[in-house]
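A.B. asks: What follows is input_38.cif, made up of mmCIF, C-alpha atoms:
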```cif
data_target
#
loop_
_atom_site.group_PDB
_atom_site.id
_atom_site.type_symbol
_atom_site.label_atom_id
_atom_site.label_comp_id
_atom_site.auth_asym_id
_atom_site.auth_seq_id
_atom_site.Cartn_x
_atom_site.Cartn_y
_atom_site.Cartn_z
ATOM 1 C CA MET A 24 79.489 132.341 96.255
ATOM 2 C CA LYS A 25 81.679 134.260 93.785
ATOM 3 C CA TYR A 26 82.936 133.015 90.446
ATOM 4 C CA LYS A 27 84.700 134.608 87.518
ATOM 5 C CA LYS A 28 81.956 136.288 85.521
ATOM 6 C CA THR A 29 81.799 136.692 81.776
ATOM 7 C CA SER A 30 79.289 139.078 80.271
ATOM 8 C CA SER A 31 78.436 139.274 76.585
ATOM 9 C CA PRO A 32 75.330 139.173 74.387
ATOM 10 C CA ILE A 33 73.870 135.780 73.581
ATOM 11 C CA THR A 34 75.332 134.749 70.250
ATOM 12 C CA LEU A 35 75.674 131.621 68.181
ATOM 13 C CA SER A 36 78.352 130.717 65.652
ATOM 14 C CA LEU A 37 75.961 131.794 62.920
ATOM 15 C CA GLY A 38 76.331 135.346 64.146
ATOM 16 C CA VAL A 39 72.750 135.554 65.349
ATOM 17 C CA LEU A 40 71.187 136.886 68.495
ATOM 18 C CA ILE A 41 68.933 134.647 70.580
ATOM 19 C CA PHE A 42 66.647 135.753 73.425
ATOM 20 C CA ALA A 43 65.783 132.794 75.683
ATOM 21 C CA LEU A 44 62.635 133.691 77.624
ATOM 22 C CA VAL A 45 60.334 131.216 79.315
ATOM 23 C CA LEU A 46 56.855 132.736 79.197
ATOM 24 C CA THR A 47 55.279 130.891 82.088
ATOM 25 C CA LEU A 48 52.727 133.605 82.820
ATOM 26 C CA ALA A 49 49.714 134.832 80.901
ATOM 27 C CA THR A 50 51.071 136.802 77.948
ATOM 28 C CA PRO A 51 48.747 139.863 77.985
ATOM 29 C CA SER A 52 49.676 140.645 81.580
ATOM 30 C CA LEU A 53 53.361 140.958 80.701
ATOM 31 C CA PHE A 54 52.924 144.050 78.600
ATOM 32 C CA SER A 55 51.513 146.760 80.833
ATOM 33 C CA GLN A 56 51.235 150.338 79.572
ATOM 34 C CA GLN A 57 52.805 153.259 81.419
ATOM 35 C CA ALA A 58 50.918 156.544 81.468
ATOM 36 C CA SER A 59 54.214 158.427 81.882
ATOM 37 C CA ARG A 60 55.649 157.362 78.527
ATOM 38 C CA PRO A 61 56.708 160.285 76.305
ATOM 39 C CA SER A 62 54.084 160.995 73.655
ATOM 40 C CA ASP A 63 56.656 161.365 70.861
ATOM 41 C CA VAL A 64 57.948 157.769 71.133
ATOM 42 C CA LEU A 65 55.607 155.466 69.241
ATOM 43 C CA GLY A 66 57.198 152.120 70.068
ATOM 44 C CA LEU A 67 59.574 149.413 68.788
ATOM 45 C CA PRO A 68 59.057 148.476 65.105
ATOM 46 C CA LEU A 69 62.289 146.611 64.362
ATOM 47 C CA VAL A 70 65.502 145.056 65.652
ATOM 48 C CA GLY A 71 68.725 145.099 63.642
ATOM 49 C CA HIS A 72 71.535 142.549 63.880
ATOM 50 C CA HIS A 73 74.954 142.500 62.210
ATOM 51 C CA VAL A 74 76.147 139.141 60.931
ATOM 52 C CA SER A 75 79.248 137.566 59.387
ATOM 53 C CA ASP A 76 77.473 135.560 56.667
ATOM 54 C CA ILE A 77 74.096 136.916 55.619
ATOM 55 C CA GLU A 78 72.975 133.888 53.558
ATOM 56 C CA ARG A 79 73.775 131.509 56.397
ATOM 57 C CA SER A 80 71.945 133.725 58.885
ATOM 58 C CA ILE A 81 68.874 133.909 56.632
ATOM 59 C CA LYS A 82 68.717 130.105 56.491
ATOM 60 C CA PHE A 83 68.930 129.900 60.272
ATOM 61 C CA TYR A 84 66.098 132.351 60.853
ATOM 62 C CA GLU A 85 63.952 130.766 58.161
ATOM 63 C CA ALA A 86 64.307 127.491 60.062
ATOM 64 C CA ILE A 87 62.634 129.118 63.083
ATOM 65 C CA ASP A 88 59.792 130.629 61.007
ATOM 66 C CA PHE A 89 61.157 134.058 60.059
ATOM 67 C CA LYS A 90 60.204 135.032 56.499
ATOM 68 C CA LEU A 91 62.531 136.818 54.073
ATOM 69 C CA ALA A 92 60.793 140.042 53.017
ATOM 70 C CA GLU A 93 63.586 141.877 51.161
ATOM 71 C CA GLY A 94 67.068 141.089 49.896
ATOM 72 C CA PRO A 95 69.724 140.211 50.464
ATOM 73 C CA SER A 96 70.852 143.290 48.581
ATOM 74 C CA ALA A 97 74.011 143.531 46.506
ATOM 75 C CA TRP A 98 77.174 144.901 48.093
ATOM 76 C CA ASN A 99 77.152 148.692 48.028
ATOM 77 C CA VAL A 100 78.494 151.750 49.803
ATOM 78 C CA ASP A 101 75.350 153.148 51.431
ATOM 79 C CA LYS A 102 76.307 156.731 52.254
ATOM 80 C CA GLU A 103 73.244 157.347 54.439
ATOM 81 C CA LEU A 104 73.804 154.137 56.404
ATOM 82 C CA ASN A 105 77.485 154.958 56.827
ATOM 83 C CA ARG A 106 76.597 158.386 58.170
ATOM 84 C CA LEU A 107 74.093 156.792 60.546
ATOM 85 C CA GLY A 108 76.593 154.287 61.975
ATOM 86 C CA ASN A 109 79.721 156.442 61.472
ATOM 87 C CA THR A 110 81.254 153.738 59.268
ATOM 88 C CA PRO A 111 82.798 155.831 56.436
ATOM 89 C CA GLY A 112 83.633 153.947 53.268
ATOM 90 C CA ALA A 113 82.210 150.600 54.422
ATOM 91 C CA GLU A 114 80.420 148.299 52.017
ATOM 92 C CA SER A 115 77.323 146.534 53.265
ATOM 93 C CA ARG A 116 74.404 144.394 52.232
ATOM 94 C CA THR A 117 71.060 143.990 53.949
ATOM 95 C CA ALA A 118 68.208 141.530 54.281
ATOM 96 C CA VAL A 119 64.858 142.296 55.895
ATOM 97 C CA MET A 120 62.963 139.485 57.601
ATOM 98 C CA LYS A 121 59.520 139.362 59.158
ATOM 99 C CA VAL A 122 58.265 137.240 62.028
ATOM 100 C CA GLN A 123 54.829 136.857 63.585
ATOM 101 C CA SER A 124 54.332 139.047 66.643
ATOM 102 C CA SER A 125 52.927 137.329 69.727
ATOM 103 C CA VAL A 126 51.321 140.560 70.973
ATOM 104 C CA SER A 127 49.637 141.888 67.821
ATOM 105 C CA ASP A 128 48.591 140.943 64.290
ATOM 106 C CA VAL A 129 51.348 143.128 62.796
ATOM 107 C CA PRO A 130 54.505 141.156 61.910
ATOM 108 C CA PHE A 131 57.747 142.298 63.525
ATOM 109 C CA THR A 132 60.710 143.437 61.405
ATOM 110 C CA PHE A 133 64.203 141.994 61.798
ATOM 111 C CA VAL A 134 67.070 143.545 59.791
ATOM 112 C CA LEU A 135 70.219 141.535 59.042
ATOM 113 C CA ARG A 136 73.297 143.398 57.807
ATOM 114 C CA GLN A 137 76.771 142.311 56.737
ATOM 115 C CA TYR A 138 79.694 144.754 56.437
ATOM 116 C CA ARG A 139 83.045 144.569 54.688
ATOM 117 C CA GLY A 140 85.887 146.994 54.035
ATOM 118 C CA ILE A 141 85.960 148.085 57.671
ATOM 119 C CA GLN A 142 87.533 146.657 60.821
ATOM 120 C CA ARG A 143 85.072 144.409 62.662
ATOM 121 C CA GLN A 144 85.156 142.534 65.939
ATOM 122 C CA ASP A 145 83.885 139.018 65.360
ATOM 123 C CA ARG A 146 83.239 137.845 68.904
ATOM 124 C CA LEU A 147 82.477 139.045 72.418
ATOM 125 C CA GLY A 148 83.572 137.062 75.440
ATOM 126 C CA LYS A 149 85.721 133.968 74.961
ATOM 127 C CA GLN A 150 83.969 133.059 71.709
ATOM 128 C CA ALA A 151 80.609 133.174 69.990
ATOM 129 C CA GLY A 152 78.080 130.995 71.793
ATOM 130 C CA PHE A 153 75.258 130.690 74.308
ATOM 131 C CA ASN A 154 75.702 132.443 77.653
ATOM 132 C CA HIS A 155 72.281 133.547 78.846
ATOM 133 C CA TYR A 156 68.977 132.097 80.018
ATOM 134 C CA ALA A 157 65.945 134.037 81.257
ATOM 135 C CA THR A 158 62.659 133.056 82.852
ATOM 136 C CA THR A 159 59.609 134.969 84.031
ATOM 137 C CA ILE A 160 58.862 135.086 87.754
ATOM 138 C CA ILE A 161 56.055 136.417 89.963
ATOM 139 C CA ASP A 162 57.616 137.213 93.348
ATOM 140 C CA PRO A 163 61.247 138.468 93.104
ATOM 141 C CA GLN A 164 62.184 137.596 96.678
ATOM 142 C CA LYS A 165 60.620 134.149 96.598
ATOM 143 C CA ALA A 166 62.114 133.283 93.223
ATOM 144 C CA GLN A 167 65.588 134.607 94.020
ATOM 145 C CA ASP A 168 65.654 132.787 97.354
ATOM 146 C CA PHE A 169 64.953 129.514 95.566
ATOM 147 C CA TYR A 170 67.576 130.003 92.865
ATOM 148 C CA VAL A 171 70.169 130.990 95.462
ATOM 149 C CA LYS A 172 69.456 128.522 98.274
ATOM 150 C CA VAL A 173 68.574 125.507 96.138
ATOM 151 C CA LEU A 174 70.588 125.982 92.941
ATOM 152 C CA GLY A 175 73.554 128.026 94.114
ATOM 153 C CA GLY A 176 73.006 131.181 92.076
ATOM 154 C CA ASP A 177 75.043 134.309 92.757
ATOM 155 C CA TYR A 178 72.584 137.231 92.833
ATOM 156 C CA PRO A 179 73.004 140.727 94.343
ATOM 157 C CA ASN A 180 70.722 141.906 97.130
ATOM 158 C CA LEU A 181 67.249 142.885 95.954
ATOM 159 C CA GLU A 182 66.712 146.607 95.521
ATOM 160 C CA ASN A 183 64.870 149.121 93.331
ATOM 161 C CA LEU A 184 61.774 146.963 92.971
ATOM 162 C CA GLY A 185 59.389 149.860 92.403
ATOM 163 C CA GLY A 186 59.366 149.846 88.590
ATOM 164 C CA GLU A 187 57.002 148.152 86.164
ATOM 165 C CA GLN A 188 59.527 145.356 85.681
ATOM 166 C CA THR A 189 62.576 144.017 87.475
ATOM 167 C CA VAL A 190 65.453 142.026 86.012
ATOM 168 C CA LEU A 191 67.478 139.978 88.495
ATOM 169 C CA HIS A 192 70.901 139.067 87.094
ATOM 170 C CA GLY A 193 72.454 135.911 88.525
ATOM 171 C CA TRP A 194 75.438 133.736 87.734
ATOM 172 C CA PHE A 195 75.741 129.964 87.643
ATOM 173 C CA ARG A 196 78.625 127.727 86.704
ATOM 174 C CA GLN A 197 78.431 126.067 83.322
ATOM 175 C CA ALA A 198 78.985 122.499 84.476
ATOM 176 C CA PRO A 199 81.490 120.927 84.320
ATOM 177 C CA THR A 200 83.570 124.136 83.905
ATOM 178 C CA ASN A 201 84.354 126.952 86.341
ATOM 179 C CA ASP A 202 83.088 129.577 83.901
ATOM 180 C CA ASN A 203 79.719 131.228 84.296
ATOM 181 C CA LEU A 204 76.429 131.612 82.504
ATOM 182 C CA ARG A 205 73.896 134.304 83.357
ATOM 183 C CA VAL A 206 70.368 133.431 84.469
ATOM 184 C CA GLU A 207 67.923 136.336 84.520
ATOM 185 C CA LEU A 208 64.719 136.300 86.543
ATOM 186 C CA LEU A 209 62.187 138.692 84.993
ATOM 187 C CA SER A 210 59.454 140.176 87.183
ATOM 188 C CA PHE A 211 56.522 142.293 85.954
ATOM 189 C CA THR A 212 54.338 144.206 88.428
ATOM 190 C CA ALA A 213 51.265 143.355 86.325
ATOM 191 C CA ASN A 214 51.706 139.722 87.421
ATOM 192 C CA LYS A 215 52.015 140.443 91.138
ATOM 193 C CA GLY A 216 49.815 138.083 93.122
ATOM 194 C CA LYS A 217 48.803 136.045 90.083
ATOM 195 C CA THR A 218 49.326 132.340 89.524
ATOM 196 C CA ALA A 219 51.082 130.781 86.550
ATOM 197 C CA PRO A 220 48.908 129.132 83.885
ATOM 198 C CA PRO A 221 48.784 125.316 83.821
ATOM 199 C CA LEU A 222 51.709 124.878 81.428
ATOM 200 C CA LYS A 223 52.569 121.219 80.885
ATOM 201 C CA PHE A 224 56.071 119.900 80.275
ATOM 202 C CA GLN A 225 55.142 118.670 76.786
ATOM 203 C CA ASP A 226 53.469 121.908 75.688
ATOM 204 C CA ILE A 227 54.840 123.931 72.792
ATOM 205 C CA ASN A 228 57.106 126.751 74.083
ATOM 206 C CA ALA A 229 57.586 125.004 77.422
ATOM 207 C CA ASN A 230 61.247 125.165 78.437
ATOM 208 C CA TYR A 231 63.352 123.805 81.252
ATOM 209 C CA ALA A 232 66.791 124.431 82.729
ATOM 210 C CA GLY A 233 68.990 121.474 83.622
ATOM 211 C CA PHE A 234 71.321 121.694 86.635
ATOM 212 C CA GLN A 235 74.035 119.105 87.082
ATOM 213 C CA VAL A 236 74.517 117.939 90.671
ATOM 214 C CA SER A 237 76.979 115.643 92.419
ATOM 215 C CA ASN A 238 74.435 114.254 94.910
ATOM 216 C CA ILE A 239 70.898 114.258 93.600
ATOM 217 C CA GLU A 240 69.419 112.990 96.859
ATOM 218 C CA THR A 241 70.619 116.026 98.847
ATOM 219 C CA ALA A 242 69.838 118.468 96.015
ATOM 220 C CA TYR A 243 66.322 117.084 95.565
ATOM 221 C CA ALA A 244 65.655 117.110 99.318
ATOM 222 C CA ARG A 245 66.808 120.740 99.515
ATOM 223 C CA ALA A 246 64.562 121.687 96.614
ATOM 224 C CA LYS A 247 61.550 120.017 98.244
ATOM 225 C CA ALA A 248 62.320 121.691 101.585
ATOM 226 C CA ASN A 249 62.194 125.034 99.767
ATOM 227 C CA GLY A 250 58.832 124.428 98.132
ATOM 228 C CA ALA A 251 59.675 122.707 94.830
ATOM 229 C CA ILE A 252 56.884 120.748 93.144
ATOM 230 C CA THR A 253 57.791 117.269 91.893
ATOM 231 C CA VAL A 254 56.902 116.418 88.290
ATOM 232 C CA SER A 255 58.793 113.192 87.517
ATOM 233 C CA GLU A 256 57.000 110.013 88.488
ATOM 234 C CA GLY A 257 58.415 108.762 91.771
ATOM 235 C CA GLY A 258 60.686 111.778 92.298
ATOM 236 C CA ILE A 259 64.261 110.743 91.501
ATOM 237 C CA ILE A 260 64.449 108.341 88.546
ATOM 238 C CA ASP A 261 67.127 106.503 86.572
ATOM 239 C CA TYR A 262 67.856 108.668 83.547
ATOM 240 C CA ASN A 263 70.464 108.674 80.786
ATOM 241 C CA LYS A 264 72.655 106.220 82.725
ATOM 242 C CA GLY A 265 72.566 108.552 85.718
ATOM 243 C CA LYS A 266 69.770 109.906 87.908
ATOM 244 C CA ALA A 267 67.395 112.825 87.428
ATOM 245 C CA ALA A 268 64.377 114.567 88.881
ATOM 246 C CA LEU A 269 62.101 117.078 87.188
ATOM 247 C CA ILE A 270 60.686 119.759 89.472
ATOM 248 C CA ARG A 271 58.900 123.108 89.250
ATOM 249 C CA ASP A 272 60.022 126.102 91.239
ATOM 250 C CA PRO A 273 57.570 127.296 93.928
ATOM 251 C CA ASP A 274 57.178 130.784 92.430
ATOM 252 C CA ALA A 275 56.181 130.664 88.740
ATOM 253 C CA GLY A 276 56.301 126.916 88.271
ATOM 254 C CA THR A 277 59.289 127.001 85.923
ATOM 255 C CA TYR A 278 60.520 123.519 85.001
ATOM 256 C CA ILE A 279 63.955 122.554 86.349
ATOM 257 C CA MET A 280 65.782 119.260 85.886
ATOM 258 C CA LEU A 281 68.266 118.065 88.481
ATOM 259 C CA TRP A 282 70.678 115.634 86.850
ATOM 260 C CA GLN A 283 73.430 113.499 88.313
ATOM 261 C CA PRO A 284 75.600 111.981 85.557
ATOM 262 C CA PRO A 285 76.788 108.384 85.744
ATOM 263 C CA ARG A 286 79.701 107.838 88.083
#
```
Let's see the structure in the file written out as structure tokens.

C.D. replies:
Amino acid sequence: MKYKKTSSPITLSLGVLIFALVLTLATPSLFSQQASRPSDVLGLPLVGHHVSDIERSIKFYEAIDFKLAEGPSAWNVDKELNRLGNTPGAESRTAVMKVQSSVSDVPFTFVLRQYRGIQRQDRLGKQAGFNHYATTIIDPQKAQDFYVKVLGGDYPNLENLGGEQTVLHGWFRQAPTNDNLRVELLSFTANKGKTAPPLKFQDINANYAGFQVSNIETAYARAKANGAITVSEGGIIDYNKGKAALIRDPDAGTYIMLWQPPR
């Protein structure tokens, strides 16, 4: 199954970057330490993101619990910054935000920056917008088989699975178009052989992916034949003037909704 593929970072019209990750497994096990890491690299203390409207971006991040720590600064020609990014003569302004880390008690730093006086590209892909979804898995082969056989994903053959983590890049149509979104399956060796925690559909940070189908009876039967776990009461139900079924995949128990719109 081959479609036209579009590849660009996940962006919204606010000029912000979103990472969509379903943490279905126990959090501490996702962050294993490698003994072979170079001793002179201490880790990741910040992420920087360039935006088109810094005040608007600040409001967006504040709405999802980021805290403004510094700025936004006045427009200025920062000679050191321009040397760093090779942006001679550009004016810029910066805001520093902090967000709670889920792996430590030290807040994480997020730097927003807006430039002017220099040529800038304002979009990647067709336009700014969502194009990417990711979910944690346990068994790469089992998970990929399900997403390919049941949901029609286009994934390459599995290879190079010897590292601490594996990212499986797949493509799915964005219904009802013929364009494609990327769905990443993320595998960590620290979770090999483990079972997913008992995450409930209503729990905070629980996510689900909805797949539109033309025949929910055949799609649901195929999912069940490939090990899907039924969540919705009675299996297929009347939903939003159409029909739907909520299932969990047989690998990490990720929630998936099959939805047939009204005819």

A.B. asks: For the atom pair CA of Leu208 (chain A) and CA of Met280 (chain A), what is the interatomic distance in Å to one decimal place?

C.D. replies: 17.1 Å

A.B. asks: To test your reading of the syntax: which residues would the PyMOL selection byres ((chain A and resi 142) around 12) return for the file shown? Reply as a list of chain:residue names.

C.D. replies: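 Selected by the PyMOL selection byres ((chain A and resi 142) around 12) in this file: A:Thr110, A:Pro111, A:Gly112, A:Ala113, A:Glu114, A:Tyr138, A:Arg139, A:Gly140, A:Ile141, A:Arg143, A:Gln144, A:Asp145.
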
A.B. asks: Closest to Gln164 (chain A) among A:His72, A:Pro273, A:Tyr262, A:Phe234, using only C-alpha atoms?

C.D. replies: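 Between A:His72, A:Pro273, A:Tyr262, A:Phe234, the residue approaching Gln164 (chain A) most closely is A:Pro273.
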
A.B. asks: Run the PyMOL selection byres ((chain A and resi 236-243) around 7) mentally over the shown coordinates, then write out the matched residues as a ChimeraX atom specification, using the chain letters and numbers from the document.

C.D. replies: /A:234-235,244-247,281-283

A.B. asks: My list of candidates is A:Val122, A:Ile161, A:Leu181, A:Val129. Which is closest to Gly216 (chain A) when distances are computed with all atoms listed in the file?

C.D. replies: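 For Gly216 (chain A), the nearest of the given residues is A:Ile161.
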
A.B. asks: Show which residues sit within 12 Å of Asp162 (chain A), as a list in words. Count only C-alpha atoms, and ignore same-chain residues fewer than 3 positions away.

C.D. replies: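 The residues that qualify are Thr159, Lys165, Ala166, Gln167, Asp168, Phe169, Leu181, Leu184, Gln188, Thr189, Val190, Leu191, Leu208, Leu209, Ser210, Phe211, Thr212, Ala213, Asn214, Lys215, Gly216, Lys217, Thr218, Ala219, Asp272, Pro273, Asp274, Ala275 and Gly276 of chain A.
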
A.B. asks: So the first atom is CA of Asn230 (chain A) and the second is CA of Thr277 (chain A); what is the distance between them in Å, to one decimal place?

C.D. replies: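 It comes out at 8.0 Å.
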
A.B. asks: Could you tell me, as an mmCIF file with C-alpha atoms, in the coordinates of the input, exactly which residues end up selected when the PyMOL selection byres ((chain A and resi 231) around 6) is applied to this structure?

C.D. replies:
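selection_3.cif was written with the following content:
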```
data_model
loop_
_atom_site.group_PDB
_atom_site.id
_atom_site.type_symbol
_atom_site.label_atom_id
_atom_site.label_comp_id
_atom_site.auth_asym_id
_atom_site.auth_seq_id
_atom_site.Cartn_x
_atom_site.Cartn_y
_atom_site.Cartn_z
ATOM 1 C CA ASN A 230 61.247 125.165 78.437
ATOM 2 C CA ALA A 232 66.791 124.431 82.729
ATOM 3 C CA TYR A 278 60.520 123.519 85.001
ATOM 4 C CA ILE A 279 63.955 122.554 86.349
#
```

A.B. asks: Given 3 Å on each side, where is the centre and what are the edge lengths in Å to one decimal of the axis-aligned box enclosing the listed atoms of region 246-265 of chain A, as AutoDock Vina command-line options?

C.D. replies:
```
--center_x 64.8 --center_y 115.6 --center_z 91.2 --size_x 21.8 --size_y 24.8 --size_z 26.8
```

A.B. asks: Can you tell me, as number ranges by chain, what residues are no more than 9 Å from Ser96 (chain A) when counting only C-alpha atoms, ignoring any on the same chain fewer than 5 positions away?

C.D. replies: A: 115-118

A.B. asks: Closest to Phe133 (chain A) among A:Pro284, A:Gly94, A:Pro179, A:Gly71, using all atoms listed in the file?

C.D. replies: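 Closest candidate: A:Gly71.
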
A.B. asks: Enter the distance from CA of Ile87 (chain A) to CA of Ile160 (chain A), in Å, rounded to one decimal.

C.D. replies: 25.7 Å

A.B. asks: Kindly extract all protein, DNA and RNA residues lying within 9 Å of the coordinates (76.6, 107.8, 87.9) given in the file, considering only C-alpha atoms, and supply them as a list of chain:residue names.

C.D. replies: A:Lys264, A:Gly265, A:Lys266, A:Gln283, A:Pro284, A:Pro285, A:Arg286

A.B. asks: Give me the residues within 12 Å of Lys90 (chain A) as a PyMOL selection string, counting only C-alpha atoms and dropping any in the same chain fewer than 6 places off.

C.D. replies: chain A and resi 81-84+118-123+130-134
